[in-house]
Amino acid sequence: MALLADELDRYARQMGLPDWGKDGQERLRAASVFIAGAGGLGSAAALYVAAAGVGRITLCDPDTVELSNLNRQVLYSTSDVGREKTAAASERLASLNPATAIVPLRERIDTCSAPDLVAGHDIAIDCLDTLEARFILNRACMALDVPVIYAAVSGFTGQLSFIHPPATPCLKCFIPHKSTTEKPQVPGCTTGIMGSLQAAEAIKYLTGIGSTLAGRLLIVEGMEPRFDILEIEKDPDCPACGSQAE
Amino acid sequence: MIIYLRSGRKLHDLLKPDVDQYTRHVEMQEGATLVEILGELGIPLVMVAFAFVDGKVRKLDYAPTDGDVITIQSPVAGG
């Protein structure tokens, strides 16, 4: 179906970008995005993919809004404290862009649930807060051939990559399993930057414009500002995607 | 051989920089791996996720060569 008049108006300031056009906008409208985690990263990522006109967003998070979330989780207001995150987020995103279908899932991602949760989406955005859950999402997406946009934050530091094996390394190729039980200190500006970059990667992939961070890792150091883009290589012995994968 | 280890703010106190605010020079024998170098410096391996050298991500079994500038990265998992 062709874009409607109000869609042409709503997206007028992005469709004029080189190679985006009506075709790119229609691809976004036909796309479905799975956002794992509706915290700091998920807030920024969800707002920008919804604003851009993605047709369906599934938002998956088991938690309720806490007062201590509000320094960085910009999907929520003070009046949302105590509510289910996915319910509050759905209302916020629907008010931003009523044309985007929001699917709220109050679910925790584990090895049993992950494949069913992710199936049927064009791309996943990893906004989780533990390495364990990230590795589970990594495996599920590999099995389903769904690309993942990985980001993680601590303090003013952020990491970002576009993961789509076998064309790229998987998460386990470059992140060893080290438990991080601490709840990191994170200012909202860090999650805002990194979540916005995740949205940008998703939008580029779905519209087919530009290039992604496939095979590369972006490290953002905000305290003493520095952006590094590093090559990452597949680990032939990777336990998730290597020749000896479990 | 002499190598240069760099870190962000999180590992600053463990690294004890002596070249500039974030860099420490280290003299080690040829062939030493990052695991061995970090052990010599008393930096717990659990505090280091990976390193990068000359624009490439390296795991901790990497053996630096003379003059390498190695940035060590602490685990980051927050969302």
# chains A, B, ... in the order shown; residues from 1 in each chain; ligands from 1
$ interface_residues --of "chain B" --to "chain A" --cutoff "12 Å" --atoms "only C-alpha atoms" --output "JSON list (two decimals) with C-alpha atoms, in the first residue's frame"
[["chain", "number", "residue", "atom", "x", "y", "z"],
["B", 7, "SER", "CA", 42.69, 2.06, 30.00],
["B", 8, "GLY", "CA", 39.55, 4.05, 30.56],
["B", 9, "ARG", "CA", 38.56, 5.63, 33.85],
["B", 10, "LYS", "CA", 37.30, 2.40, 35.41],
["B", 21, "GLN", "CA", 46.74, 10.27, 32.44],
["B", 22, "TYR", "CA", 45.72, 6.91, 30.93],
["B", 44, "PRO", "CA", 42.56, -8.95, 38.12],
["B", 45, "LEU", "CA", 41.58, -10.67, 34.88],
["B", 46, "VAL", "CA", 37.93, -10.42, 35.86],
["B", 47, "MET", "CA", 38.29, -6.67, 35.44],
["B", 48, "VAL", "CA", 39.37, -6.95, 31.78],
["B", 49, "ALA", "CA", 37.03, -8.13, 29.03],
["B", 50, "PHE", "CA", 39.32, -7.71, 26.04],
["B", 51, "ALA", "CA", 41.97, -5.44, 24.61],
["B", 52, "PHE", "CA", 42.48, -3.65, 21.37],
["B", 53, "VAL", "CA", 45.70, -3.13, 19.51],
["B", 54, "ASP", "CA", 46.18, -1.17, 16.31],
["B", 55, "GLY", "CA", 42.45, -1.01, 15.62],
["B", 56, "LYS", "CA", 41.74, -4.69, 16.23],
["B", 57, "VAL", "CA", 40.03, -6.40, 19.13],
["B", 58, "ARG", "CA", 42.34, -8.95, 20.78],
["B", 59, "LYS", "CA", 41.66, -11.57, 23.38],
["B", 60, "LEU", "CA", 43.85, -11.85, 26.44],
["B", 71, "THR", "CA", 43.98, -0.47, 25.32],
["B", 72, "ILE", "CA", 42.33, -2.72, 27.87],
["B", 73, "GLN", "CA", 38.56, -2.65, 28.16],
["B", 74, "SER", "CA", 36.63, -3.59, 31.29],
["B", 75, "PRO", "CA", 33.43, -5.65, 31.03],
["B", 76, "VAL", "CA", 30.41, -3.54, 30.12],
["B", 77, "ALA", "CA", 26.95, -5.08, 30.32],
["B", 78, "GLY", "CA", 24.54, -2.38, 31.47],
["B", 79, "GLY", "CA", 21.45, -1.55, 29.50]]
$ select_by_dssp --residues "chain B" --states "strand (DSSP E)" --output "list of chain:residue names"
B:Ile2, B:Ile3, B:Tyr4, B:Leu5, B:Arg6, B:Ser7, B:Thr23, B:Arg24, B:His25, B:Val26, B:Glu27, B:Phe50, B:Ala51, B:Phe52, B:Val53, B:Lys56, B:Val57, B:Arg58, B:Val69, B:Ile70, B:Thr71, B:Ile72, B:Gln73
$ atom_distance --atom1 "CA of Ile109 in chain A" --atom2 "CA of Ala140 in chain A"
10.2 Å
$ residues_around --residues "Gln14 in chain A" --least-positions-apart "2" --cutoff "12 Å" --atoms "only C-alpha atoms" --output "number ranges by chain"
A: 7-12, 16-22, 24-25, 28, 51-53, 203, 207
$ write_last_selection --atoms "all heavy atoms" --output "short mmCIF file (atom, residue, chain, number, x, y, z; two decimals), in the first residue's frame"
data_model
loop_
_atom_site.label_atom_id
_atom_site.label_comp_id
_atom_site.auth_asym_id
_atom_site.auth_seq_id
_atom_site.Cartn_x
_atom_site.Cartn_y
_atom_site.Cartn_z
N GLU A 7 1.35 10.26 6.34
CA GLU A 7 2.67 9.63 6.44
C GLU A 7 3.70 10.43 5.63
O GLU A 7 4.84 10.63 6.09
CB GLU A 7 2.62 8.18 5.94
CG GLU A 7 1.83 7.25 6.85
CD GLU A 7 1.72 5.84 6.28
OE1 GLU A 7 1.14 5.68 5.18
OE2 GLU A 7 2.21 4.92 6.94
N LEU A 8 3.30 10.88 4.46
CA LEU A 8 4.21 11.69 3.66
C LEU A 8 4.61 12.95 4.42
O LEU A 8 5.76 13.40 4.36
CB LEU A 8 3.57 12.06 2.32
CG LEU A 8 3.29 10.89 1.37
CD1 LEU A 8 2.49 11.35 0.16
CD2 LEU A 8 4.61 10.25 0.91
N ASP A 9 3.66 13.51 5.15
CA ASP A 9 3.92 14.72 5.93
C ASP A 9 4.80 14.39 7.15
O ASP A 9 5.80 15.04 7.42
CB ASP A 9 2.59 15.32 6.38
CG ASP A 9 2.75 16.72 6.92
OD1 ASP A 9 3.83 17.32 6.71
OD2 ASP A 9 1.82 17.22 7.57
N ARG A 10 4.42 13.35 7.88
CA ARG A 10 5.14 12.99 9.11
C ARG A 10 6.62 12.68 8.84
O ARG A 10 7.50 13.02 9.63
CB ARG A 10 4.47 11.76 9.75
CG ARG A 10 5.17 11.24 11.02
CD ARG A 10 4.47 10.01 11.57
NE ARG A 10 3.21 10.30 12.23
CZ ARG A 10 3.08 10.49 13.55
NH1 ARG A 10 4.14 10.40 14.34
NH2 ARG A 10 1.90 10.74 14.07
N TYR A 11 6.88 12.01 7.73
CA TYR A 11 8.24 11.55 7.47
C TYR A 11 8.98 12.41 6.44
O TYR A 11 10.04 12.01 5.94
CB TYR A 11 8.22 10.09 7.02
CG TYR A 11 7.48 9.18 7.99
CD1 TYR A 11 6.37 8.43 7.59
CD2 TYR A 11 7.88 9.10 9.32
CE1 TYR A 11 5.69 7.62 8.48
CE2 TYR A 11 7.19 8.29 10.23
CZ TYR A 11 6.11 7.56 9.80
OH TYR A 11 5.43 6.76 10.69
N ALA A 12 8.41 13.59 6.16
CA ALA A 12 8.97 14.42 5.09
C ALA A 12 10.43 14.81 5.34
O ALA A 12 11.20 14.98 4.40
CB ALA A 12 8.13 15.69 4.92
N GLY A 16 13.69 12.57 2.34
CA GLY A 16 14.51 13.27 1.35
C GLY A 16 15.99 12.92 1.43
O GLY A 16 16.77 13.36 0.58
N LEU A 17 16.36 12.15 2.46
CA LEU A 17 17.76 11.74 2.55
C LEU A 17 18.13 10.83 1.38
O LEU A 17 17.28 10.06 0.90
CB LEU A 17 18.00 10.99 3.87
CG LEU A 17 18.05 11.87 5.12
CD1 LEU A 17 17.96 11.02 6.38
CD2 LEU A 17 19.34 12.68 5.14
N PRO A 18 19.39 10.93 0.91
CA PRO A 18 19.80 10.12 -0.24
C PRO A 18 19.49 8.64 -0.02
O PRO A 18 19.80 8.08 1.04
CB PRO A 18 21.32 10.35 -0.30
CG PRO A 18 21.51 11.67 0.36
CD PRO A 18 20.47 11.78 1.42
N ASP A 19 18.84 8.04 -1.00
CA ASP A 19 18.53 6.61 -1.02
C ASP A 19 17.41 6.17 -0.06
O ASP A 19 17.07 5.00 0.00
CB ASP A 19 19.79 5.75 -0.74
CG ASP A 19 20.89 6.02 -1.74
OD1 ASP A 19 20.56 6.28 -2.92
OD2 ASP A 19 22.06 5.99 -1.34
N TRP A 20 16.88 7.10 0.74
CA TRP A 20 15.81 6.70 1.68
C TRP A 20 14.49 6.68 0.90
O TRP A 20 13.99 5.61 0.56
CB TRP A 20 15.76 7.68 2.86
CG TRP A 20 14.86 7.30 4.00
CD1 TRP A 20 13.56 6.87 3.92
CD2 TRP A 20 15.18 7.31 5.39
NE1 TRP A 20 13.05 6.63 5.18
CE2 TRP A 20 14.03 6.89 6.10
CE3 TRP A 20 16.32 7.65 6.12
CZ2 TRP A 20 13.99 6.81 7.49
CZ3 TRP A 20 16.28 7.57 7.50
CH2 TRP A 20 15.12 7.13 8.17
N GLY A 21 13.93 7.84 0.60
CA GLY A 21 12.77 7.96 -0.27
C GLY A 21 11.53 7.21 0.21
O GLY A 21 11.48 6.70 1.33
N LYS A 22 10.53 7.15 -0.66
CA LYS A 22 9.29 6.43 -0.32
C LYS A 22 9.55 4.94 -0.16
O LYS A 22 8.93 4.28 0.68
CB LYS A 22 8.23 6.69 -1.39
CG LYS A 22 7.70 8.12 -1.40
CD LYS A 22 6.63 8.30 -2.48
CE LYS A 22 6.16 9.74 -2.51
NZ LYS A 22 5.20 9.99 -3.61
N GLY A 24 12.22 3.41 0.98
CA GLY A 24 12.79 3.15 2.29
C GLY A 24 11.75 3.28 3.38
O GLY A 24 11.70 2.48 4.33
N GLN A 25 10.89 4.28 3.23
CA GLN A 25 9.85 4.49 4.24
C GLN A 25 8.85 3.33 4.24
O GLN A 25 8.39 2.88 5.30
CB GLN A 25 9.13 5.81 3.99
CG GLN A 25 8.35 6.32 5.18
CD GLN A 25 9.24 6.55 6.39
OE1 GLN A 25 10.27 7.20 6.31
NE2 GLN A 25 8.84 5.97 7.52
N LEU A 28 10.39 0.45 6.04
CA LEU A 28 10.29 0.61 7.50
C LEU A 28 8.89 0.24 7.98
O LEU A 28 8.72 -0.43 9.00
CB LEU A 28 10.60 2.05 7.91
CG LEU A 28 12.06 2.48 8.02
CD1 LEU A 28 12.15 3.92 8.49
CD2 LEU A 28 12.83 1.58 8.97
N ALA A 51 9.52 6.63 16.06
CA ALA A 51 9.41 7.93 15.39
C ALA A 51 9.74 7.83 13.90
O ALA A 51 9.16 8.55 13.08
CB ALA A 51 10.34 8.94 16.05
N ALA A 52 10.65 6.92 13.56
CA ALA A 52 11.06 6.77 12.16
C ALA A 52 10.00 6.08 11.32
O ALA A 52 10.05 6.15 10.09
CB ALA A 52 12.37 5.98 12.08
N GLY A 53 9.04 5.39 11.98
CA GLY A 53 7.96 4.78 11.23
C GLY A 53 8.04 3.28 11.04
O GLY A 53 7.42 2.74 10.12
N ILE A 203 17.59 1.29 11.51
CA ILE A 203 16.97 2.03 10.40
C ILE A 203 17.77 1.84 9.11
O ILE A 203 17.21 1.61 8.03
CB ILE A 203 16.83 3.52 10.78
CG1 ILE A 203 15.77 3.69 11.87
CG2 ILE A 203 16.51 4.37 9.55
CD1 ILE A 203 15.80 5.03 12.57
N THR A 207 16.09 -0.03 5.91
CA THR A 207 15.86 0.74 4.68
C THR A 207 16.87 0.38 3.59
O THR A 207 16.65 0.71 2.42
CB THR A 207 15.97 2.26 4.95
OG1 THR A 207 17.24 2.53 5.53
CG2 THR A 207 14.87 2.75 5.87
#
$ residues_around --residues "Gly67 in chain B" --least-positions-apart "4" --cutoff "8 Å" --atoms "only C-alpha atoms" --output "list in words"
Met1, Ile2, Ile3 and Tyr4 of chain B
$ atom_distance --atom1 "CA of Arg13 in chain A" --atom2 "CA of Tyr48 in chain A"
13.9 Å
$ select_by_dssp --residues "range 60-91 of chain A" --states "alpha helix (DSSP H)" --output "count of residues only"
7
$ atom_distance --atom1 "CA of Lys16 in chain B" --atom2 "CA of Gly42 in chain B"
10.6 Å
$ residues_around --residues "Val26 in chain B" --least-positions-apart "4" --cutoff "12 Å" --atoms "only C-alpha atoms" --output "list in words"
Met1, Ile2, Ile3, Tyr4, Leu5, Arg6, Leu15, Lys16, Pro17, Asp18, Val19, Glu30, Ala32, Leu34, Ile37, Leu38, Glu40, Leu41, Pro64, Thr65, Asp66, Gly67, Asp68, Val69 and Ile70 of chain B
$ write_last_selection --atoms "N, CA and C atoms" --output "PDB file, in the first residue's frame"
ATOM      1  N   MET B   1      61.223  -6.022  25.874  1.00  0.00           N
ATOM      2  CA  MET B   1      60.430  -5.159  25.010  1.00  0.00           C
ATOM      3  C   MET B   1      59.639  -4.188  25.871  1.00  0.00           C
ATOM      4  N   ILE B   2      59.275  -3.075  25.244  1.00  0.00           N
ATOM      5  CA  ILE B   2      58.452  -2.087  25.945  1.00  0.00           C
ATOM      6  C   ILE B   2      57.110  -1.983  25.231  1.00  0.00           C
ATOM      7  N   ILE B   3      56.042  -2.057  26.000  1.00  0.00           N
ATOM      8  CA  ILE B   3      54.703  -1.846  25.453  1.00  0.00           C
ATOM      9  C   ILE B   3      54.021  -0.749  26.274  1.00  0.00           C
ATOM     10  N   TYR B   4      52.913  -0.292  25.747  1.00  0.00           N
ATOM     11  CA  TYR B   4      52.169   0.768  26.429  1.00  0.00           C
ATOM     12  C   TYR B   4      50.749   0.283  26.658  1.00  0.00           C
ATOM     13  N   LEU B   5      50.327   0.302  27.908  1.00  0.00           N
ATOM     14  CA  LEU B   5      48.976  -0.125  28.261  1.00  0.00           C
ATOM     15  C   LEU B   5      48.131   1.107  28.564  1.00  0.00           C
ATOM     16  N   ARG B   6      46.936   1.124  27.958  1.00  0.00           N
ATOM     17  CA  ARG B   6      46.017   2.237  28.196  1.00  0.00           C
ATOM     18  C   ARG B   6      44.710   1.678  28.754  1.00  0.00           C
ATOM     19  N   LEU B  15      45.741   0.433  36.971  1.00  0.00           N
ATOM     20  CA  LEU B  15      46.798   0.514  35.960  1.00  0.00           C
ATOM     21  C   LEU B  15      47.980   1.371  36.422  1.00  0.00           C
ATOM     22  N   LYS B  16      47.699   2.374  37.241  1.00  0.00           N
ATOM     23  CA  LYS B  16      48.750   3.291  37.719  1.00  0.00           C
ATOM     24  C   LYS B  16      49.517   3.921  36.545  1.00  0.00           C
ATOM     25  N   PRO B  17      48.874   4.754  35.776  1.00  0.00           N
ATOM     26  CA  PRO B  17      49.507   5.349  34.585  1.00  0.00           C
ATOM     27  C   PRO B  17      50.761   6.157  34.946  1.00  0.00           C
ATOM     28  N   ASP B  18      51.772   6.085  34.060  1.00  0.00           N
ATOM     29  CA  ASP B  18      53.000   6.847  34.313  1.00  0.00           C
ATOM     30  C   ASP B  18      53.479   7.614  33.078  1.00  0.00           C
ATOM     31  N   VAL B  19      52.806   7.405  31.938  1.00  0.00           N
ATOM     32  CA  VAL B  19      53.202   8.129  30.726  1.00  0.00           C
ATOM     33  C   VAL B  19      52.342   9.373  30.557  1.00  0.00           C
ATOM     34  N   GLU B  30      59.915 -10.801  25.662  1.00  0.00           N
ATOM     35  CA  GLU B  30      59.224 -11.143  24.411  1.00  0.00           C
ATOM     36  C   GLU B  30      58.358 -12.390  24.614  1.00  0.00           C
ATOM     37  N   ALA B  32      55.466 -12.672  26.107  1.00  0.00           N
ATOM     38  CA  ALA B  32      54.512 -12.662  27.226  1.00  0.00           C
ATOM     39  C   ALA B  32      53.117 -12.321  26.703  1.00  0.00           C
ATOM     40  N   LEU B  34      49.014 -11.131  27.228  1.00  0.00           N
ATOM     41  CA  LEU B  34      48.333 -10.121  28.036  1.00  0.00           C
ATOM     42  C   LEU B  34      47.929 -10.686  29.397  1.00  0.00           C
ATOM     43  N   ILE B  37      51.001 -10.422  31.455  1.00  0.00           N
ATOM     44  CA  ILE B  37      51.349  -9.027  31.734  1.00  0.00           C
ATOM     45  C   ILE B  37      50.400  -8.441  32.780  1.00  0.00           C
ATOM     46  N   LEU B  38      49.121  -8.701  32.612  1.00  0.00           N
ATOM     47  CA  LEU B  38      48.147  -8.174  33.577  1.00  0.00           C
ATOM     48  C   LEU B  38      48.378  -8.791  34.952  1.00  0.00           C
ATOM     49  N   GLU B  40      51.286  -9.771  36.148  1.00  0.00           N
ATOM     50  CA  GLU B  40      52.471  -9.097  36.705  1.00  0.00           C
ATOM     51  C   GLU B  40      52.107  -7.738  37.310  1.00  0.00           C
ATOM     52  N   LEU B  41      51.163  -7.078  36.676  1.00  0.00           N
ATOM     53  CA  LEU B  41      50.779  -5.732  37.134  1.00  0.00           C
ATOM     54  C   LEU B  41      49.739  -5.780  38.253  1.00  0.00           C
ATOM     55  N   PRO B  64      51.817  -9.324  22.878  1.00  0.00           N
ATOM     56  CA  PRO B  64      52.183  -8.055  22.244  1.00  0.00           C
ATOM     57  C   PRO B  64      53.607  -8.088  21.703  1.00  0.00           C
ATOM     58  N   THR B  65      53.857  -7.174  20.777  1.00  0.00           N
ATOM     59  CA  THR B  65      55.228  -6.993  20.278  1.00  0.00           C
ATOM     60  C   THR B  65      55.717  -5.605  20.695  1.00  0.00           C
ATOM     61  N   ASP B  66      57.032  -5.426  20.592  1.00  0.00           N
ATOM     62  CA  ASP B  66      57.651  -4.194  21.078  1.00  0.00           C
ATOM     63  C   ASP B  66      56.978  -2.954  20.478  1.00  0.00           C
ATOM     64  N   GLY B  67      56.627  -2.020  21.346  1.00  0.00           N
ATOM     65  CA  GLY B  67      56.034  -0.767  20.900  1.00  0.00           C
ATOM     66  C   GLY B  67      54.519  -0.769  20.796  1.00  0.00           C
ATOM     67  N   ASP B  68      53.896  -1.927  20.995  1.00  0.00           N
ATOM     68  CA  ASP B  68      52.428  -1.994  20.912  1.00  0.00           C
ATOM     69  C   ASP B  68      51.781  -1.040  21.923  1.00  0.00           C
ATOM     70  N   VAL B  69      50.739  -0.388  21.476  1.00  0.00           N
ATOM     71  CA  VAL B  69      49.900   0.399  22.386  1.00  0.00           C
ATOM     72  C   VAL B  69      48.600  -0.385  22.553  1.00  0.00           C
ATOM     73  N   ILE B  70      48.367  -0.859  23.748  1.00  0.00           N
ATOM     74  CA  ILE B  70      47.263  -1.795  24.006  1.00  0.00           C
ATOM     75  C   ILE B  70      46.255  -1.141  24.923  1.00  0.00           C
TER      76      ILE B  70
END
